[in-house]
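target_9.cif (mmCIF, C-alpha atoms and all ligand atoms)
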data_target
loop_
_atom_site.label_atom_id
_atom_site.label_comp_id
_atom_site.auth_asym_id
_atom_site.auth_seq_id
_atom_site.Cartn_x
_atom_site.Cartn_y
_atom_site.Cartn_z
CA MET X 28 -21.44 -2.55 14.43
CA PRO X 29 -23.12 -2.86 11.04
CA GLY X 30 -23.22 -6.59 10.55
CA THR X 31 -19.60 -7.41 11.33
CA LEU X 32 -18.67 -10.49 13.37
CA ILE X 33 -15.29 -8.94 14.22
CA THR X 34 -14.91 -7.66 17.77
CA SER X 35 -12.21 -5.28 18.93
CA GLU X 36 -10.25 -5.81 22.13
CA VAL X 37 -9.43 -2.10 22.20
CA ASP X 38 -11.83 0.72 22.99
CA PHE X 39 -11.45 3.38 20.32
CA ASP X 40 -12.89 6.16 22.45
CA VAL X 41 -10.54 6.13 25.43
CA ASP X 42 -7.44 8.29 25.78
CA GLY X 43 -4.09 6.53 26.09
CA LYS X 44 -2.29 3.78 24.22
CA HIS X 45 -4.19 0.52 23.80
CA ALA X 46 -3.06 -2.66 22.10
CA GLY X 47 -4.86 -5.86 21.31
CA PHE X 48 -6.53 -7.74 18.50
CA LEU X 49 -9.46 -7.47 16.19
CA ARG X 50 -10.92 -10.94 16.69
CA LEU X 51 -12.19 -12.45 13.46
CA PRO X 52 -14.10 -15.67 14.23
CA HIS X 53 -12.64 -18.56 12.26
CA SER X 54 -13.76 -22.08 13.06
CA THR X 55 -11.36 -24.69 11.72
CA HIS X 56 -10.45 -28.34 12.16
CA ARG X 57 -7.78 -27.53 14.74
CA SER X 58 -9.67 -24.74 16.51
CA ALA X 59 -13.44 -25.00 16.64
CA TYR X 60 -14.07 -21.67 18.39
CA GLY X 61 -10.93 -19.93 17.22
CA TRP X 62 -10.38 -16.46 15.89
CA ILE X 63 -7.85 -14.77 13.63
CA PRO X 64 -5.88 -12.14 15.61
CA VAL X 65 -5.50 -8.94 13.59
CA PRO X 66 -3.21 -6.74 15.72
CA ILE X 67 -4.37 -3.19 16.42
CA VAL X 68 -2.87 -0.33 18.41
CA THR X 69 -4.71 2.88 19.18
CA ILE X 70 -3.10 6.00 20.58
CA ARG X 71 -5.38 8.80 21.61
CA ASN X 72 -4.87 12.12 23.31
CA GLY X 73 -7.84 14.46 23.44
CA GLU X 74 -9.33 16.38 20.56
CA GLY X 75 -7.91 16.23 17.07
CA PRO X 76 -8.17 14.30 13.84
CA THR X 77 -8.24 10.50 13.53
CA ILE X 78 -5.81 8.80 11.17
CA LEU X 79 -5.66 5.13 10.17
CA LEU X 80 -2.14 3.86 9.41
CA MET X 81 -2.10 0.49 7.62
CA SER X 82 0.54 -1.98 6.48
CA GLY X 83 0.41 -5.66 5.60
CA ASN X 84 -2.60 -5.10 3.36
CA HIS X 85 -0.44 -7.22 1.08
CA GLY X 86 1.46 -9.58 3.35
CA ASP X 87 4.76 -9.65 1.44
CA GLU X 88 5.33 -5.89 1.69
CA TYR X 89 7.52 -5.26 4.71
CA GLU X 90 8.69 -1.63 4.82
CA GLY X 91 5.40 -0.42 6.26
CA GLN X 92 5.11 -3.37 8.66
CA ILE X 93 8.48 -2.50 10.23
CA ALA X 94 7.90 1.27 10.26
CA LEU X 95 4.45 0.96 11.88
CA THR X 96 5.64 -1.65 14.39
CA LYS X 97 8.36 0.78 15.48
CA LEU X 98 5.85 3.65 15.62
CA CYS X 99 3.51 1.61 17.88
CA ARG X 100 6.29 1.18 20.42
CA GLU X 101 7.79 4.64 20.07
CA LEU X 102 4.79 6.96 20.30
CA ASP X 103 3.27 7.84 23.64
CA PRO X 104 -0.13 9.46 24.03
CA GLY X 105 1.54 12.62 25.33
CA ASP X 106 3.38 12.98 22.00
CA ILE X 107 0.24 13.24 19.93
CA ARG X 108 -2.99 15.16 19.43
CA GLY X 109 -6.08 13.31 18.27
CA ARG X 110 -6.23 9.59 17.57
CA ILE X 111 -4.00 7.20 15.65
CA LEU X 112 -5.27 3.74 14.67
CA ILE X 113 -2.50 1.38 13.55
CA LEU X 114 -2.94 -1.94 11.72
CA THR X 115 0.49 -3.49 11.20
CA MET X 116 -0.71 -6.76 9.60
CA THR X 117 -3.97 -5.67 8.06
CA ASN X 118 -4.61 -8.93 6.19
CA TYR X 119 -3.14 -10.95 9.05
CA PRO X 120 -3.17 -14.42 7.44
CA ALA X 121 -1.35 -13.07 4.37
CA ALA X 122 1.16 -11.11 6.43
CA GLU X 123 1.83 -14.06 8.73
CA ALA X 124 2.57 -16.21 5.69
CA GLY X 125 4.61 -13.50 3.95
CA LEU X 126 2.30 -13.70 0.95
CA ARG X 127 0.49 -11.07 -1.10
CA THR X 128 -2.80 -12.93 -0.70
CA SER X 129 -4.33 -14.85 2.18
CA PRO X 130 -3.48 -18.56 2.27
CA ILE X 131 -6.89 -19.18 3.90
CA ASP X 132 -9.14 -17.87 1.13
CA ASP X 133 -6.69 -16.68 -1.55
CA GLY X 134 -8.08 -13.19 -0.89
CA ASN X 135 -6.23 -10.12 -2.15
CA LEU X 136 -7.39 -7.56 0.43
CA ASN X 137 -6.65 -4.60 -1.80
CA ARG X 138 -9.00 -6.02 -4.46
CA THR X 139 -11.74 -6.94 -1.95
CA PHE X 140 -13.28 -3.70 -0.62
CA PRO X 141 -16.07 -3.05 0.27
CA GLY X 142 -15.97 -6.66 1.44
CA ASP X 143 -18.64 -8.82 3.03
CA PRO X 144 -19.16 -9.14 6.81
CA LEU X 145 -20.20 -12.78 6.46
CA GLY X 146 -17.73 -13.72 3.73
CA PRO X 147 -14.36 -15.45 4.05
CA PRO X 148 -11.70 -13.77 6.26
CA THR X 149 -10.30 -11.35 3.68
CA GLN X 150 -13.84 -10.18 2.83
CA ALA X 151 -14.69 -9.74 6.51
CA ILE X 152 -11.52 -7.69 7.15
CA ALA X 153 -12.25 -5.43 4.17
CA HIS X 154 -15.80 -4.87 5.41
CA TYR X 155 -14.63 -4.04 8.95
CA ILE X 156 -12.13 -1.49 7.69
CA GLU X 157 -14.61 0.15 5.32
CA GLU X 158 -17.67 0.14 7.59
CA VAL X 159 -16.22 0.37 11.10
CA LEU X 160 -12.76 1.97 10.97
CA MET X 161 -13.00 4.34 8.01
CA PRO X 162 -16.09 6.17 9.33
CA MET X 163 -14.04 7.10 12.44
CA CYS X 164 -11.26 8.58 10.34
CA ASN X 165 -10.32 11.88 8.73
CA TYR X 166 -7.13 10.53 7.14
CA CYS X 167 -5.66 7.21 6.04
CA VAL X 168 -2.17 6.11 5.00
CA ASP X 169 -1.92 2.64 3.39
CA LEU X 170 1.70 1.49 3.07
CA HIS X 171 2.57 -0.86 0.20
CA SER X 172 5.63 -1.86 -1.79
CA GLY X 173 6.27 -3.86 -4.91
CA GLY X 174 5.96 -7.06 -2.88
CA SER X 175 7.51 -10.23 -4.19
CA SER X 176 7.08 -9.54 -7.89
CA LEU X 177 7.89 -5.83 -8.35
CA VAL X 178 10.23 -3.15 -7.10
CA TYR X 179 9.55 0.62 -7.08
CA PRO X 180 11.56 3.65 -6.10
CA PRO X 181 9.84 5.13 -3.01
CA THR X 182 6.63 6.57 -4.46
CA LEU X 183 3.61 8.21 -2.88
CA LEU X 184 0.26 7.46 -4.56
CA ARG X 185 -2.71 9.77 -4.42
CA GLY X 186 -5.77 10.99 -6.26
CA ARG X 187 -6.22 14.57 -7.31
CA GLY X 188 -8.99 15.25 -4.80
CA HIS X 189 -12.69 15.82 -5.37
CA THR X 190 -12.97 19.18 -3.64
CA PRO X 191 -10.51 22.09 -3.51
CA GLU X 192 -9.98 21.38 0.20
CA GLU X 193 -9.25 17.69 -0.40
CA SER X 194 -6.89 18.52 -3.27
CA GLN X 195 -5.02 20.97 -1.08
CA LYS X 196 -4.74 18.46 1.76
CA LEU X 197 -3.47 15.71 -0.59
CA VAL X 198 -0.74 18.03 -1.86
CA GLU X 199 0.21 18.86 1.74
CA LEU X 200 0.37 15.16 2.66
CA GLN X 201 2.46 14.40 -0.43
CA GLU X 202 4.89 17.18 0.43
CA ALA X 203 5.01 15.99 4.02
CA PHE X 204 5.74 12.36 3.12
CA ASP X 205 8.51 13.66 0.84
CA ALA X 206 9.09 10.54 -1.29
CA PRO X 207 11.21 11.18 -4.38
CA TYR X 208 8.26 10.27 -6.66
CA ALA X 209 4.49 10.61 -6.58
CA TRP X 210 2.11 8.67 -8.81
CA VAL X 211 -0.90 10.95 -9.19
CA PHE X 212 -4.00 9.14 -10.43
CA THR X 213 -5.78 10.66 -13.40
CA SER X 214 -9.24 9.43 -12.43
CA GLY X 215 -11.26 7.66 -9.75
CA GLY X 216 -11.68 8.38 -6.07
CA GLY X 217 -14.44 10.33 -4.40
CA ARG X 218 -17.66 9.14 -2.80
CA GLN X 219 -18.88 7.41 -5.95
CA THR X 220 -15.76 5.33 -6.56
CA THR X 221 -16.17 1.60 -7.14
CA ALA X 222 -12.45 0.89 -6.52
CA ARG X 223 -11.84 -2.34 -4.60
CA THR X 224 -8.82 -0.87 -2.82
CA ALA X 225 -8.39 0.66 0.65
CA LEU X 226 -8.06 3.97 -1.18
CA GLY X 227 -11.50 3.28 -2.67
CA ALA X 228 -12.91 2.46 0.77
CA ALA X 229 -11.49 5.73 2.11
CA GLY X 230 -12.95 7.67 -0.80
CA ARG X 231 -16.45 6.25 -0.23
CA LYS X 232 -16.28 7.37 3.41
CA GLY X 233 -14.88 10.83 2.69
CA VAL X 234 -11.48 10.02 4.23
CA VAL X 235 -8.49 11.88 2.79
CA SER X 236 -6.18 9.05 1.87
CA ILE X 237 -2.74 8.39 0.46
CA MET X 238 -0.83 5.21 -0.18
CA ALA X 239 2.79 4.47 -0.95
CA GLU X 240 4.85 2.00 -2.95
CA LEU X 241 8.04 1.93 -0.94
CA GLY X 242 10.39 -0.54 -2.58
CA GLY X 243 9.74 -4.23 -2.81
CA GLY X 244 11.33 -7.41 -3.99
CA GLY X 245 10.24 -9.03 -0.74
CA ALA X 246 13.06 -7.18 1.03
CA VAL X 247 13.67 -4.03 3.06
CA THR X 248 16.56 -1.59 2.58
CA PRO X 249 17.80 0.81 5.28
CA SER X 250 17.36 3.89 3.09
CA VAL X 251 13.76 3.12 2.12
CA LEU X 252 12.84 2.21 5.68
CA ALA X 253 14.35 5.48 6.95
CA LEU X 254 12.39 7.42 4.33
CA THR X 255 9.18 5.61 5.40
CA GLU X 256 9.67 6.34 9.10
CA ARG X 257 10.52 9.98 8.39
CA GLY X 258 7.54 10.30 6.03
CA LEU X 259 5.07 8.96 8.60
CA LYS X 260 6.25 11.37 11.29
CA ARG X 261 6.22 14.29 8.87
CA VAL X 262 2.64 13.41 7.87
CA LEU X 263 1.51 13.30 11.51
CA HIS X 264 3.33 16.59 12.17
CA CYS X 265 1.77 18.23 9.11
CA LEU X 266 -1.70 17.30 10.42
CA GLY X 267 -0.93 18.83 13.83
CA MET X 268 -0.94 15.36 15.42
CA LEU X 269 2.76 15.23 16.37
CA PRO X 270 3.41 18.79 17.47
CA GLY X 271 6.82 18.24 19.07
CA TYR X 272 8.44 16.74 15.95
CA GLN X 273 11.08 18.87 14.27
CA ALA X 274 10.59 18.42 10.52
CA ASP X 275 13.74 18.91 8.46
CA ALA X 276 13.77 20.48 4.98
CA ALA X 277 11.89 18.59 2.28
CA ASN X 278 13.81 17.02 -0.61
CA GLY X 279 10.95 17.43 -3.07
CA THR X 280 8.77 15.02 -5.03
CA ARG X 281 8.63 14.44 -8.81
CA GLU X 282 4.97 14.01 -9.82
CA LEU X 283 4.30 11.29 -12.37
CA ARG X 284 1.39 9.82 -14.25
CA VAL X 285 1.52 6.17 -15.22
CA GLN X 286 1.24 5.57 -18.97
CA GLY X 287 0.85 1.81 -18.75
CA SER X 288 2.45 -1.55 -18.13
CA VAL X 289 4.76 -3.54 -20.37
CA TYR X 290 3.91 -7.25 -20.33
CA ALA X 291 5.68 -10.48 -21.10
CA TYR X 292 4.15 -12.25 -24.09
CA ASP X 293 6.11 -15.45 -23.76
CA ILE X 294 7.33 -17.95 -21.18
CA GLY X 295 10.99 -17.99 -20.19
CA VAL X 296 13.68 -16.09 -18.30
CA PHE X 297 13.41 -12.32 -18.43
CA GLU X 298 16.47 -10.14 -19.02
CA SER X 299 15.79 -6.47 -18.27
CA PHE X 300 17.70 -3.90 -20.33
CA LYS X 301 16.57 -1.12 -17.96
CA GLU X 302 17.08 -0.18 -14.34
CA LEU X 303 14.49 1.55 -12.16
CA CYS X 304 13.96 5.20 -13.16
CA ASP X 305 15.79 4.77 -16.50
CA GLU X 306 14.42 6.73 -19.45
CA VAL X 307 12.51 4.76 -22.08
CA GLN X 308 11.42 5.91 -25.55
CA THR X 309 8.29 4.55 -27.25
CA GLY X 310 9.30 1.48 -29.23
CA ASP X 311 12.53 0.87 -27.28
CA LEU X 312 13.67 -2.69 -26.77
CA VAL X 313 13.49 -2.92 -22.98
CA GLY X 314 14.14 -6.60 -22.38
CA ALA X 315 14.37 -10.11 -23.75
CA ILE X 316 12.79 -13.39 -22.74
CA HIS X 317 15.27 -16.22 -23.07
CA HIS X 318 14.46 -19.88 -23.61
CA PRO X 319 17.09 -21.95 -21.83
CA GLU X 320 14.96 -25.07 -22.43
CA GLU X 321 15.72 -24.59 -26.15
CA PRO X 322 18.99 -22.62 -26.12
CA TRP X 323 19.15 -22.56 -29.93
CA ARG X 324 15.97 -20.44 -30.01
CA GLU X 325 16.18 -16.65 -30.48
CA PRO X 326 15.00 -14.71 -27.39
CA THR X 327 11.60 -13.04 -27.49
CA ILE X 328 12.12 -9.28 -27.60
CA VAL X 329 10.15 -7.06 -25.20
CA GLN X 330 9.31 -3.62 -26.57
CA SER X 331 7.83 -0.65 -24.70
CA GLN X 332 4.76 0.88 -26.25
CA TYR X 333 5.21 3.82 -23.86
CA GLY X 334 7.82 6.51 -23.34
CA GLY X 335 8.82 7.85 -19.93
CA ILE X 336 10.73 6.44 -16.97
CA VAL X 337 10.69 2.98 -15.42
CA LEU X 338 8.51 3.33 -12.30
CA SER X 339 8.46 -0.37 -11.45
CA LYS X 340 10.22 -3.45 -12.62
CA ARG X 341 9.67 -7.18 -12.26
CA VAL X 342 11.85 -8.92 -9.68
CA GLN X 343 11.73 -12.63 -10.55
CA GLY X 344 13.55 -13.96 -13.59
CA ARG X 345 10.91 -16.48 -14.69
CA VAL X 346 8.02 -14.92 -16.59
CA GLU X 347 4.81 -16.13 -18.14
CA ARG X 348 2.62 -14.49 -20.74
CA GLY X 349 0.63 -11.76 -18.98
CA ASP X 350 3.26 -10.88 -16.33
CA CYS X 351 3.92 -7.16 -15.86
CA VAL X 352 7.64 -6.54 -16.37
CA PHE X 353 7.66 -2.71 -16.24
CA GLN X 354 5.38 0.20 -15.46
CA ILE X 355 6.24 3.34 -17.41
CA ALA X 356 5.40 6.81 -16.15
CA THR X 357 5.88 10.35 -17.42
CA ASP X 358 6.13 13.70 -15.66
CA TRP X 359 2.72 15.02 -14.69
CA GLU X 360 3.17 18.35 -16.48
ZN ZN X 401 0.60 -3.86 -2.12
#

Is it possible to express this structure as structure tokens?
Amino acid sequence: MPGTLITSEVDFDVDGKHAGFLRLPHSTHRSAYGWIPVPIVTIRNGEGPTILLMSGNHGDEYEGQIALTKLCRELDPGDIRGRILILTMTNYPAAEAGLRTSPIDDGNLNRTFPGDPLGPPTQAIAHYIEEVLMPMCNYCVDLHSGGSSLVYPPTLLRGRGHTPEESQKLVELQEAFDAPYAWVFTSGGGRQTTARTALGAAGRKGVVSIMAELGGGGAVTPSVLALTERGLKRVLHCLGMLPGYQADAANGTRELRVQGSVYAYDIGVFESFKELCDEVQTGDLVGAIHHPEEPWREPTIVQSQYGGIVLSKRVQGRVERGDCVFQIATDWE
């Protein structure tokens, strides 16, 4: 292991289903020789690709945590070909607390890669994923949602690929996941990427990787969860790793590119004039920030400098200057 202090209770090279913890040493007041238990499940059956399925990278994003927990219990080695590595609570301290960032070190795992093996827990987890797990993998799926502050329609996120083969595979994975929307990045990725995300870590190790924004608002809906579970199985099937699965007809995915975010420029209570996926024209008034502390004051108007559709929307009413209230995206073509 290149410098990591994390040890795995599961052997990655043995057929069968294995469950245990990645032990991250963490010496504290109440536990001098303690460790942080990052749950891991591996399912392996002979030759085939290796895929890493992750949720709880941000701890307040629950759709993926439920879908992967169910998958861990449901899949048997005989169902699959190759090897599946599953991290249900990737940044365990954050996921245990139901927070985006770790309460131990304030670390935002998806802004921490490539990490530091000797750094605080979030740094050590990032390093382990990038330097130990990613090099074993051909594919990675990192499941996110809008978390506590945003909500999205179910959206797959991907790069455009750095080789014709990678581009083709990313399109196949997108079609397999079959979310109603895809946010296709215009730049980044590849071996040279400096992105601090799990997608960046995958890119540096040559792993074909997608992520998803599945909903959010700190909640889970039956329809989005069903779409997530179906998408995961369709992805495994598409890669030849779940041969017995009967994939139904795809619904199709609308490819988008994000134009930018609309921000609050005042403090107060935000009133949105738009719902998710509503059309917005450049210059439209899309919301107002009210000032109930001084109810005689006119609200601060929020204007969109972008045209397109609302891809994400702020959840909480209270806003401060600098808070993202919308992301606006347009059709890729
Ligand atoms: Zn996230």

Work out how far apart atom CA of X:Val168 and atom CA of X:Phe48 are and give it in Å to one decimal. 19.8 Å

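Using all atoms listed in the file for every distance, the candidate list X:Gly30, X:Gly109, X:Pro66, X:Gly258 yields X:Gly258 as the residue closest to X:Ala239.
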
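For the atom pair formed by atom CA of X:Thr213 and atom CA of X:Val285, the distance is 8.8 Å, given to one decimal.
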
Of the listed residues X:Gly245, X:Gly73, X:Gly310, X:Gly334, that which approaches X:Gln286 most closely, counting all atoms listed in the file: X:Gly334

Shell of 10 Å around ligand ZN 401 (chain X) (only C-alpha atoms and all ligand atoms), written as a PyMOL selection string: chain X and resi 82-89+127-128+135-137+169-175+177+224+238-241+243

Export of the given selection (C-alpha atoms) as a compact mmCIF listing (two decimals), in the coordinates of the input:
# COMPACT_ATOMS: atom_id res chain seq x y z
CA SER X 82 0.54 -1.98 6.48
CA GLY X 83 0.41 -5.66 5.60
CA ASN X 84 -2.60 -5.10 3.36
CA HIS X 85 -0.44 -7.22 1.08
CA GLY X 86 1.46 -9.58 3.35
CA ASP X 87 4.76 -9.65 1.44
CA GLU X 88 5.33 -5.89 1.69
CA TYR X 89 7.52 -5.26 4.71
CA ARG X 127 0.49 -11.07 -1.10
CA THR X 128 -2.80 -12.93 -0.70
CA ASN X 135 -6.23 -10.12 -2.15
CA LEU X 136 -7.39 -7.56 0.43
CA ASN X 137 -6.65 -4.60 -1.80
CA ASP X 169 -1.92 2.64 3.39
CA LEU X 170 1.70 1.49 3.07
CA HIS X 171 2.57 -0.86 0.20
CA SER X 172 5.63 -1.86 -1.79
CA GLY X 173 6.27 -3.86 -4.91
CA GLY X 174 5.96 -7.06 -2.88
CA SER X 175 7.51 -10.23 -4.19
CA LEU X 177 7.89 -5.83 -8.35
CA THR X 224 -8.82 -0.87 -2.82
CA MET X 238 -0.83 5.21 -0.18
CA ALA X 239 2.79 4.47 -0.95
CA GLU X 240 4.85 2.00 -2.95
CA LEU X 241 8.04 1.93 -0.94
CA GLY X 243 9.74 -4.23 -2.81

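Atom pair atom CA of X:Ile328 / atom CA of X:Ala315 has a distance of 4.5 Å (rounded to one decimal).
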
For X:Ile93, which of X:Asp40, X:Glu256, X:Asp275, X:Glu199 is the closest residue, counting all atoms listed in the file?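 Closest candidate: X:Glu256.
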
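Of the residues under consideration (X:Ser176, X:Pro120, X:Leu269, X:Ala225), X:Ser176 shows the shortest atom-to-atom contact distance to X:Arg345 when counting all atoms listed in the file.
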
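Of the residues listed (X:Thr280, X:Tyr292, X:Arg218, X:Gln354), X:Thr280 shows the shortest atom-to-atom separation from X:Ala203; distances use all atoms listed in the file.
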
Quick one: residues within 9 Å of X:Ala274, only C-alpha atoms counted, chain neighbours fewer than 4 positions away excluded, as a list of chain:residue names? X:Ala203, X:Arg257, X:Lys260, X:Arg261, X:His264, X:Cys265

Mind completing stretch 59-69 of chain X with all heavy atoms? Output as an mmCIF file, keeping the file's coordinate frame, please?
data_model
loop_
_atom_site.group_PDB
_atom_site.id
_atom_site.type_symbol
_atom_site.label_atom_id
_atom_site.label_comp_id
_atom_site.auth_asym_id
_atom_site.auth_seq_id
_atom_site.Cartn_x
_atom_site.Cartn_y
_atom_site.Cartn_z
ATOM 1 N N ALA X 59 -12.010 -25.103 16.946
ATOM 2 C CA ALA X 59 -13.440 -25.000 16.640
ATOM 3 C C ALA X 59 -14.013 -23.623 16.933
ATOM 4 O O ALA X 59 -14.889 -23.142 16.216
ATOM 5 C CB ALA X 59 -14.201 -26.060 17.422
ATOM 6 N N TYR X 60 -13.550 -22.991 18.028
ATOM 7 C CA TYR X 60 -14.070 -21.670 18.390
ATOM 8 C C TYR X 60 -12.979 -20.606 18.287
ATOM 9 O O TYR X 60 -12.958 -19.651 19.042
ATOM 10 C CB TYR X 60 -14.675 -21.712 19.798
ATOM 11 C CG TYR X 60 -15.924 -22.573 19.856
ATOM 12 C CD1 TYR X 60 -15.869 -23.900 20.255
ATOM 13 C CD2 TYR X 60 -17.146 -22.044 19.447
ATOM 14 C CE1 TYR X 60 -17.000 -24.695 20.261
ATOM 15 C CE2 TYR X 60 -18.288 -22.830 19.465
ATOM 16 C CZ TYR X 60 -18.216 -24.145 19.869
ATOM 17 O OH TYR X 60 -19.337 -24.921 19.875
ATOM 18 N N GLY X 61 -12.082 -20.813 17.346
ATOM 19 C CA GLY X 61 -10.930 -19.930 17.220
ATOM 20 C C GLY X 61 -11.238 -18.609 16.540
ATOM 21 O O GLY X 61 -12.331 -18.389 16.018
ATOM 22 N N TRP X 62 -10.282 -17.717 16.617
ATOM 23 C CA TRP X 62 -10.380 -16.460 15.890
ATOM 24 C C TRP X 62 -9.022 -16.064 15.339
ATOM 25 O O TRP X 62 -7.978 -16.445 15.871
ATOM 26 C CB TRP X 62 -10.958 -15.329 16.748
ATOM 27 C CG TRP X 62 -10.538 -15.254 18.182
ATOM 28 C CD1 TRP X 62 -11.157 -15.871 19.236
ATOM 29 C CD2 TRP X 62 -9.418 -14.545 18.737
ATOM 30 N NE1 TRP X 62 -10.496 -15.590 20.416
ATOM 31 C CE2 TRP X 62 -9.432 -14.769 20.139
ATOM 32 C CE3 TRP X 62 -8.423 -13.738 18.201
ATOM 33 C CZ2 TRP X 62 -8.477 -14.221 21.005
ATOM 34 C CZ3 TRP X 62 -7.467 -13.177 19.059
ATOM 35 C CH2 TRP X 62 -7.498 -13.424 20.438
ATOM 36 N N ILE X 63 -9.057 -15.304 14.247
ATOM 37 C CA ILE X 63 -7.850 -14.770 13.630
ATOM 38 C C ILE X 63 -7.501 -13.470 14.346
ATOM 39 O O ILE X 63 -8.356 -12.590 14.463
ATOM 40 C CB ILE X 63 -8.084 -14.542 12.120
ATOM 41 C CG1 ILE X 63 -8.279 -15.896 11.424
ATOM 42 C CG2 ILE X 63 -6.938 -13.744 11.497
ATOM 43 C CD1 ILE X 63 -8.763 -15.781 9.992
ATOM 44 N N PRO X 64 -6.250 -13.332 14.832
ATOM 45 C CA PRO X 64 -5.880 -12.140 15.610
ATOM 46 C C PRO X 64 -5.251 -11.049 14.739
ATOM 47 O O PRO X 64 -4.067 -11.096 14.432
ATOM 48 C CB PRO X 64 -4.844 -12.708 16.594
ATOM 49 C CG PRO X 64 -4.173 -13.813 15.830
ATOM 50 C CD PRO X 64 -5.165 -14.335 14.822
ATOM 51 N N VAL X 65 -6.040 -10.071 14.365
ATOM 52 C CA VAL X 65 -5.500 -8.940 13.590
ATOM 53 C C VAL X 65 -5.029 -7.891 14.599
ATOM 54 O O VAL X 65 -5.849 -7.298 15.310
ATOM 55 C CB VAL X 65 -6.571 -8.343 12.659
ATOM 56 C CG1 VAL X 65 -5.987 -7.182 11.856
ATOM 57 C CG2 VAL X 65 -7.152 -9.409 11.728
ATOM 58 N N PRO X 66 -3.704 -7.657 14.684
ATOM 59 C CA PRO X 66 -3.210 -6.740 15.720
ATOM 60 C C PRO X 66 -3.640 -5.293 15.461
ATOM 61 O O PRO X 66 -3.634 -4.842 14.315
ATOM 62 C CB PRO X 66 -1.681 -6.859 15.628
ATOM 63 C CG PRO X 66 -1.376 -7.747 14.486
ATOM 64 C CD PRO X 66 -2.642 -8.220 13.858
ATOM 65 N N ILE X 67 -3.996 -4.605 16.533
ATOM 66 C CA ILE X 67 -4.370 -3.190 16.420
ATOM 67 C C ILE X 67 -3.820 -2.426 17.614
ATOM 68 O O ILE X 67 -3.826 -2.938 18.748
ATOM 69 C CB ILE X 67 -5.899 -3.003 16.280
ATOM 70 C CG1 ILE X 67 -6.232 -1.521 16.047
ATOM 71 C CG2 ILE X 67 -6.660 -3.578 17.475
ATOM 72 C CD1 ILE X 67 -7.631 -1.277 15.485
ATOM 73 N N VAL X 68 -3.324 -1.234 17.349
ATOM 74 C CA VAL X 68 -2.870 -0.330 18.410
ATOM 75 C C VAL X 68 -3.560 1.003 18.196
ATOM 76 O O VAL X 68 -3.641 1.492 17.063
ATOM 77 C CB VAL X 68 -1.332 -0.155 18.383
ATOM 78 C CG1 VAL X 68 -0.888 0.925 19.360
ATOM 79 C CG2 VAL X 68 -0.643 -1.485 18.709
ATOM 80 N N THR X 69 -4.117 1.546 19.260
ATOM 81 C CA THR X 69 -4.710 2.880 19.180
ATOM 82 C C THR X 69 -3.973 3.784 20.160
ATOM 83 O O THR X 69 -3.626 3.367 21.267
ATOM 84 C CB THR X 69 -6.208 2.870 19.521
ATOM 85 O OG1 THR X 69 -6.351 2.521 20.897
ATOM 86 C CG2 THR X 69 -6.969 1.876 18.676
#
